[in-house]
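Shown here: input.cif, mmCIF, C-alpha atoms and all ligand atoms.
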data_my_file
loop_
_atom_site.label_atom_id
_atom_site.label_comp_id
_atom_site.auth_asym_id
_atom_site.auth_seq_id
_atom_site.Cartn_x
_atom_site.Cartn_y
_atom_site.Cartn_z
CA MET O 21 -10.50 20.76 -2.88
CA SER O 22 -8.17 22.58 -5.27
CA ALA O 23 -4.77 21.11 -5.98
CA SER O 24 -3.17 23.98 -4.05
CA THR O 25 -5.14 23.47 -0.78
CA PRO O 26 -2.82 21.77 1.72
CA ARG O 27 -3.91 18.23 2.53
CA PRO O 28 -3.81 16.89 6.10
CA GLY O 29 -0.34 15.76 7.12
CA SER O 30 1.38 17.53 4.25
CA HIS O 31 3.95 19.10 6.62
CA GLY O 32 5.56 15.66 6.57
CA THR O 33 5.57 12.51 4.50
CA ILE O 34 4.20 9.05 5.14
CA VAL O 35 6.80 6.66 3.78
CA THR O 36 5.33 3.21 3.23
CA VAL O 37 7.45 0.25 2.25
CA ALA O 38 6.01 -2.58 0.15
CA PRO O 39 8.90 -5.02 0.44
CA THR O 40 7.73 -8.21 -1.27
CA GLY O 41 4.50 -8.18 -3.32
CA ALA O 42 3.09 -11.24 -5.01
CA GLU O 43 4.60 -10.95 -8.46
CA HIS O 44 8.37 -11.45 -8.26
CA ALA O 45 9.79 -14.96 -7.92
CA LYS O 46 12.49 -15.51 -5.31
CA ALA O 47 14.46 -17.45 -7.93
CA ASP O 48 14.61 -14.33 -10.12
CA VAL O 49 15.10 -11.83 -7.28
CA PRO O 50 17.20 -13.55 -4.60
CA ASN O 51 17.23 -10.51 -2.29
CA LEU O 52 13.40 -10.41 -2.13
CA PRO O 53 12.31 -10.89 1.51
CA VAL O 54 10.11 -13.99 1.61
CA THR O 55 10.64 -15.68 4.98
CA LEU O 56 9.35 -14.17 8.22
CA ASP O 57 12.93 -13.55 9.39
CA GLU O 58 13.78 -11.80 6.14
CA LEU O 59 10.61 -9.71 6.33
CA VAL O 60 11.20 -8.63 9.92
CA SER O 61 14.83 -7.81 9.24
CA THR O 62 13.82 -5.72 6.18
CA ALA O 63 11.10 -4.01 8.21
CA LYS O 64 13.58 -3.00 10.92
CA ASP O 65 16.08 -1.68 8.37
CA CYS O 66 13.35 0.30 6.61
CA GLU O 67 11.99 1.76 9.85
CA ARG O 68 15.51 2.95 10.71
CA VAL O 69 15.70 4.97 7.49
CA GLY O 70 12.24 6.54 7.62
CA ALA O 71 9.46 4.07 6.85
CA ALA O 72 6.37 4.40 9.04
CA MET O 73 4.09 1.83 7.43
CA ILE O 74 4.65 -1.59 5.85
CA HIS O 75 2.40 -3.08 3.15
CA VAL O 76 2.76 -6.82 3.54
CA HIS O 77 2.34 -9.77 1.19
CA ILE O 78 3.59 -13.01 2.65
CA ARG O 79 5.03 -16.14 1.07
CA GLY O 80 4.75 -19.82 1.96
CA GLU O 81 7.53 -22.34 2.66
CA ASP O 82 7.79 -22.76 -1.11
CA THR O 83 8.41 -18.95 -1.46
CA LYS O 84 5.15 -18.61 -3.44
CA PRO O 85 2.49 -16.00 -2.44
CA SER O 86 0.33 -17.21 0.44
CA LEU O 87 -2.74 -16.01 2.32
CA ASP O 88 -2.43 -18.64 5.03
CA LEU O 89 -4.18 -17.18 8.07
CA GLY O 90 -1.80 -18.66 10.64
CA ARG O 91 1.21 -17.25 8.82
CA LEU O 92 -0.52 -13.88 8.48
CA LYS O 93 -1.22 -13.76 12.22
CA ASP O 94 2.38 -14.70 13.03
CA THR O 95 3.57 -11.99 10.65
CA VAL O 96 1.42 -9.28 12.25
CA ALA O 97 2.59 -10.37 15.72
CA ALA O 98 6.28 -10.44 14.72
CA LEU O 99 6.17 -7.04 13.03
CA ARG O 100 4.42 -5.56 16.07
CA ALA O 101 6.95 -7.12 18.44
CA GLU O 102 10.02 -6.07 16.48
CA THR O 103 9.01 -2.70 15.02
CA ASN O 104 6.70 0.24 15.66
CA LEU O 105 5.56 0.28 12.02
CA VAL O 106 1.91 0.57 11.06
CA VAL O 107 1.18 -2.95 9.78
CA GLN O 108 -0.89 -3.09 6.63
CA LEU O 109 -1.79 -6.46 5.13
CA SER O 110 -2.58 -6.79 1.45
CA SER O 111 -6.11 -7.97 0.80
CA GLY O 112 -5.21 -7.96 -2.88
CA GLY O 113 -2.98 -11.00 -2.64
CA ALA O 114 -2.06 -12.48 -6.00
CA VAL O 115 -4.29 -12.32 -9.08
CA THR O 116 -5.12 -16.01 -8.56
CA ASP O 117 -6.39 -15.67 -4.97
CA PRO O 118 -10.13 -16.30 -4.45
CA GLU O 119 -12.29 -13.67 -2.80
CA GLU O 120 -12.97 -15.66 0.38
CA HIS O 121 -9.23 -16.03 1.06
CA ARG O 122 -8.73 -12.32 0.47
CA LEU O 123 -11.53 -11.47 2.92
CA ARG O 124 -10.09 -13.89 5.49
CA VAL O 125 -6.89 -11.79 5.63
CA LEU O 126 -8.80 -9.38 7.89
CA GLU O 127 -9.01 -12.09 10.59
CA ALA O 128 -5.29 -11.50 11.19
CA MET O 129 -6.36 -8.08 12.57
CA PRO O 130 -3.73 -5.80 11.05
CA ASP O 131 -3.76 -2.04 11.72
CA SER O 132 -4.62 -1.44 8.10
CA ALA O 133 -5.41 -3.40 4.94
CA SER O 134 -5.49 -2.55 1.27
CA CYS O 135 -8.84 -2.28 -0.50
CA THR O 136 -8.60 -2.04 -4.28
CA MET O 137 -11.39 0.01 -5.80
CA GLY O 138 -12.02 -1.92 -9.00
CA THR O 139 -11.03 -4.50 -11.55
CA VAL O 140 -8.00 -3.77 -13.71
CA ASN O 141 -5.94 -5.49 -16.36
CA PHE O 142 -2.69 -6.41 -14.67
CA GLY O 143 0.00 -7.20 -17.21
CA ASP O 144 -1.26 -10.33 -18.95
CA ASP O 145 -3.64 -11.07 -16.06
CA VAL O 146 -6.78 -9.52 -14.58
CA PHE O 147 -6.84 -8.23 -11.00
CA MET O 148 -10.49 -8.84 -10.15
CA ASN O 149 -12.31 -6.58 -7.68
CA ARG O 150 -16.08 -6.82 -8.15
CA TRP O 151 -18.19 -4.03 -6.67
CA GLU O 152 -19.92 -6.32 -4.13
CA PHE O 153 -16.53 -7.65 -3.04
CA VAL O 154 -15.14 -4.14 -2.54
CA VAL O 155 -18.21 -3.21 -0.46
CA GLU O 156 -17.77 -6.37 1.64
CA LEU O 157 -14.10 -5.55 2.30
CA HIS O 158 -14.99 -1.97 3.27
CA LYS O 159 -17.75 -3.14 5.66
CA ARG O 160 -15.72 -5.91 7.27
CA MET O 161 -12.80 -3.56 7.85
CA ARG O 162 -15.07 -1.06 9.53
CA GLU O 163 -16.59 -3.76 11.78
CA ARG O 164 -13.08 -4.78 12.85
CA GLY O 165 -11.61 -1.28 13.26
CA ILE O 166 -9.09 -1.89 10.45
CA VAL O 167 -8.15 1.22 8.50
CA PRO O 168 -8.36 0.74 4.72
CA GLU O 169 -5.87 2.05 2.25
CA TYR O 170 -7.94 2.46 -0.91
CA GLU O 171 -5.71 1.28 -3.74
CA ILE O 172 -6.31 3.02 -7.03
CA PHE O 173 -4.95 1.54 -10.25
CA ASP O 174 -6.98 3.69 -12.64
CA LEU O 175 -8.76 7.03 -12.46
CA GLY O 176 -12.28 5.59 -12.65
CA GLN O 177 -11.56 3.78 -9.39
CA LEU O 178 -11.52 7.18 -7.66
CA THR O 179 -15.08 7.73 -8.90
CA SER O 180 -15.93 4.33 -7.42
CA LEU O 181 -14.39 5.44 -4.13
CA HIS O 182 -16.78 8.40 -3.99
CA ARG O 183 -19.66 6.01 -4.69
CA LEU O 184 -18.48 3.68 -1.91
CA LEU O 185 -18.18 6.46 0.66
CA ASP O 186 -21.49 8.04 -0.36
CA LYS O 187 -23.38 4.76 -0.13
CA HIS O 188 -21.61 3.02 2.73
CA GLY O 189 -20.03 5.75 4.84
CA LEU O 190 -16.58 6.54 6.12
CA PRO O 191 -14.09 3.79 7.00
CA ALA O 192 -12.84 2.80 10.43
CA GLY O 193 -11.05 5.76 12.00
CA GLY O 194 -13.17 8.23 10.00
CA HIS O 195 -10.30 9.25 7.72
CA VAL O 196 -9.83 8.37 4.04
CA HIS O 197 -6.36 7.32 2.88
CA VAL O 198 -5.71 6.52 -0.77
CA ASP O 199 -2.75 4.96 -2.55
CA LEU O 200 -2.28 5.61 -6.26
CA VAL O 201 -0.57 2.59 -7.80
CA MET O 202 0.67 3.99 -11.10
CA GLY O 203 2.33 2.50 -14.14
CA VAL O 204 0.89 -1.03 -13.95
CA PRO O 205 0.49 -2.29 -17.53
CA GLY O 206 -3.30 -2.08 -17.90
CA GLY O 207 -3.75 0.72 -15.35
CA MET O 208 -3.11 4.47 -15.31
CA ALA O 209 0.22 5.84 -16.47
CA GLY O 210 2.92 6.70 -13.94
CA ASP O 211 3.55 10.34 -14.79
CA THR O 212 2.94 13.84 -13.48
CA GLU O 213 0.02 14.57 -15.81
CA THR O 214 -1.91 11.54 -14.58
CA LEU O 215 -1.14 12.25 -10.94
CA ALA O 216 -2.33 15.83 -11.45
CA ALA O 217 -5.54 14.49 -13.03
CA ALA O 218 -6.09 12.28 -9.98
CA LEU O 219 -5.85 15.21 -7.56
CA ARG O 220 -9.28 16.64 -8.22
CA LEU O 221 -10.84 13.17 -7.80
CA ILE O 222 -9.28 12.38 -4.42
CA PRO O 223 -11.91 13.01 -1.72
CA GLU O 224 -11.68 16.25 0.22
CA GLY O 225 -9.67 15.88 3.43
CA ALA O 226 -8.18 12.55 2.31
CA THR O 227 -4.49 11.80 2.38
CA PHE O 228 -2.93 10.08 -0.58
CA SER O 229 0.29 8.32 -1.31
CA ALA O 230 1.58 7.26 -4.70
CA THR O 231 3.87 4.62 -6.05
CA GLY O 232 5.17 4.23 -9.56
CA VAL O 233 5.81 0.73 -10.82
CA GLY O 234 9.13 0.01 -12.52
CA ARG O 235 10.76 3.00 -14.13
CA SER O 236 7.89 5.33 -13.19
CA SER O 237 9.04 5.11 -9.57
CA ILE O 238 11.06 8.34 -9.48
CA PRO O 239 8.75 10.58 -11.57
CA VAL O 240 5.78 9.50 -9.44
CA MET O 241 7.69 10.09 -6.22
CA LEU O 242 8.65 13.62 -7.25
CA ALA O 243 5.15 14.41 -8.53
CA SER O 244 3.52 13.14 -5.33
CA LEU O 245 5.84 15.12 -3.07
CA SER O 246 5.20 18.29 -5.05
CA ALA O 247 1.43 17.78 -4.77
CA GLY O 248 1.31 17.22 -1.00
CA GLY O 249 1.11 13.46 -1.41
CA HIS O 250 2.90 10.68 0.43
CA LEU O 251 5.18 7.91 -0.80
CA ARG O 252 5.15 4.17 -1.18
CA VAL O 253 8.31 2.45 -2.35
CA GLY O 254 9.63 -1.10 -2.25
CA MET O 255 10.54 -4.20 -4.19
CA GLU O 256 6.86 -5.05 -4.72
CA ASP O 257 6.81 -2.14 -7.17
CA THR O 258 10.35 -1.87 -8.50
CA ILE O 259 13.44 -4.04 -8.49
CA SER O 260 15.70 -1.62 -10.34
CA TYR O 261 17.30 1.31 -8.54
CA ALA O 262 18.57 3.08 -11.63
CA ARG O 263 19.03 2.24 -15.29
CA GLY O 264 20.92 -1.06 -15.38
CA GLU O 265 21.25 -1.23 -11.57
CA ARG O 266 19.26 -3.69 -9.47
CA VAL O 267 17.87 -2.66 -6.07
CA LYS O 268 20.23 -3.74 -3.27
CA ASP O 269 17.45 -4.00 -0.69
CA ASN O 270 14.23 -2.31 0.38
CA ALA O 271 16.03 0.02 2.78
CA GLN O 272 17.92 1.50 -0.17
CA LEU O 273 14.59 2.53 -1.73
CA VAL O 274 13.21 3.84 1.56
CA ALA O 275 16.38 5.84 2.23
CA ARG O 276 16.10 7.50 -1.18
CA ALA O 277 12.42 8.31 -0.62
CA SER O 278 13.14 9.73 2.85
CA GLY O 279 15.95 11.86 1.42
CA LEU O 280 13.67 13.29 -1.27
CA ALA O 281 10.99 13.96 1.35
CA ARG O 282 13.52 15.93 3.40
CA ILE O 283 14.63 17.89 0.33
CA ALA O 284 10.94 18.71 -0.24
CA GLN O 285 10.88 19.99 3.37
CA ARG O 286 8.31 17.34 4.21
CA PRO O 287 10.37 14.94 6.33
CA PRO O 288 9.24 11.37 7.05
CA LEU O 289 6.48 11.11 9.66
CA SER O 290 6.96 8.71 12.55
CA PRO O 291 4.70 5.64 12.83
CA ASP O 292 2.82 7.26 15.71
CA GLU O 293 2.25 10.43 13.68
CA VAL O 294 0.92 8.27 10.86
CA ARG O 295 -1.42 6.37 13.22
CA LYS O 296 -2.87 9.68 14.34
CA LEU O 297 -3.14 11.02 10.81
CA ILE O 298 -4.92 8.04 9.22
CA GLY O 299 -6.96 7.03 12.27
CA VAL O 300 -5.26 3.81 13.35
CA GLN O 301 -5.96 2.84 16.95
CA GLN O 302 -2.79 2.61 19.07
CA SER O 303 -2.06 -1.10 19.52
CA GLY O 304 -1.12 -2.70 22.85
N1 LIG S 1 -0.65 -8.29 -6.26
C1 LIG S 1 -1.64 -7.54 -6.95
C2 LIG S 1 -2.48 -8.44 -7.80
C3 LIG S 1 -2.84 -5.09 -2.96
O1 LIG S 1 -1.84 -5.43 -2.34
O2 LIG S 1 -3.91 -4.88 -2.41
C4 LIG S 1 -2.52 -6.80 -6.04
C5 LIG S 1 -1.88 -5.90 -5.10
C6 LIG S 1 -2.78 -4.92 -4.45
O3 LIG S 1 -0.70 -5.94 -4.81
ZN ZN S 2 0.28 -5.14 -2.71
#
Could I get this structure in the form of structure tokens?
Amino acid sequence: MSASTPRPGSHGTIVTVAPTGAEHAKADVPNLPVTLDELVSTAKDCERVGAAMIHVHIRGEDTKPSLDLGRLKDTVAALRAETNLVVQLSSGGAVTDPEEHRLRVLEAMPDSASCTMGTVNFGDDVFMNRWEFVVELHKRMRERGIVPEYEIFDLGQLTSLHRLLDKHGLPAGGHVHVDLVMGVPGGMAGDTETLAAALRLIPEGATFSATGVGRSSIPVMLASLSAGGHLRVGMEDTISYARGERVKDNAQLVARASGLARIAQRPPLSPDEVRKLIGVQQSG
């Protein structure tokens, strides 16, 4: 597919919010949503201003990252009860999470889950994603009807995605959706040139979103919109809104992304439009 061929869904924009992540400490970022009430309230605010999907990392009582299955199930249920958002759980967790806990996330039966396509240096840490583990995630998601979002931290991981699809077939729903996570120290740069280089490696007919970590947030957003891509924003990826200005809340980031999507004449897609586009079964 050439960069100028319209991708599916490019009349509108999927706006995904990643409100929490596993990296920021509540003590350093007091407005980070960490309790279930805070998460649901953030989710509702973000849906109101254009988000259609939520990428969820949860925290424990101690505000630290958690993959507790009971809490994950409660989170999926609460987000479904209180919003119409497509609920995507992170299977990436924190860099310290063991593989079996990351696989167990799928037992919470979200609509979608992330599936990172390879190992990458992650700041001073290593985000480990062995090939056999990636294949296991892909297979288990397909068995459960959970739609993967293939998370790409470096360009070679797109080559691995082709290998995965060639060897193990299409995911649940039959559609491929990719998220470029750009600007992580250790991963690909968050700039237009790198996003353009990714375009020819993204499988034909796939949708892709992009997020730029830290100060690459805005350049990546603009580059993705111009290339027919979709957007992920949120405090998982950036806690500064502008130079010297902290993010007020996740809805502020979503509102800016939705505004840019409208300016690009690709307004935010509704959650139901996104379900149809990426092959998520209607819940309930
Ligand atoms: N927290 C990072 C180590 C994902 O959600 O799948 C991994 C991450 C990717 O955020
Ligand atoms: Zn994540």
How big is the axis-aligned box, and where does its centre sit, when it encloses all atoms of ligand LIG 1 (chain S) listed in the file and has 8 Å added on every side, reported in Å to one decimal as AutoDock Vina command-line options?
--center_x -2.3 --center_y -6.7 --center_z -5.1 --size_x 19.3 --size_y 19.6 --size_z 21.5
With all atoms listed in the file counted, collect every polymer residue having an atom within 10 Å of ligand ZN 2 (chain S); state the result as an MDAnalysis selection string.
chainID O and resid 38:43 75:77 108:114 133:136 171 201 256:257
Counting only C-alpha atoms, the residue of O:Ala277, O:Leu181, O:Val146, O:Ala192 that sits nearest Gly70 in chain O
O:Ala277
Given the point (-19.6, 3.2, -6.3) in the coordinates of this file, which residues lie within 12 Å, counting only C-alpha atoms, and how would they look as a list in words?
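With a cut-off of 12 Å, the residues come to Met137, Gly138, Arg150, Trp151, Glu152, Phe153, Val154, Val155, His158, Gly176, Gln177, Leu178, Thr179, Ser180, Leu181, His182, Arg183, Leu184, Leu185, Asp186, Lys187, His188 and Gly189 of chain O.
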Atom N1 of ligand LIG 1 (chain S) to CA of Ile78 in chain O, distance in Å rounded to a single decimal
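It comes out at 10.9 Å.
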Computed interatomic separation between CA of Val49 in chain O and CA of Ile259 in chain O (Å)
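CA of Ile259 in chain O lies at a distance of 8.1 Å from CA of Val49 in chain O.
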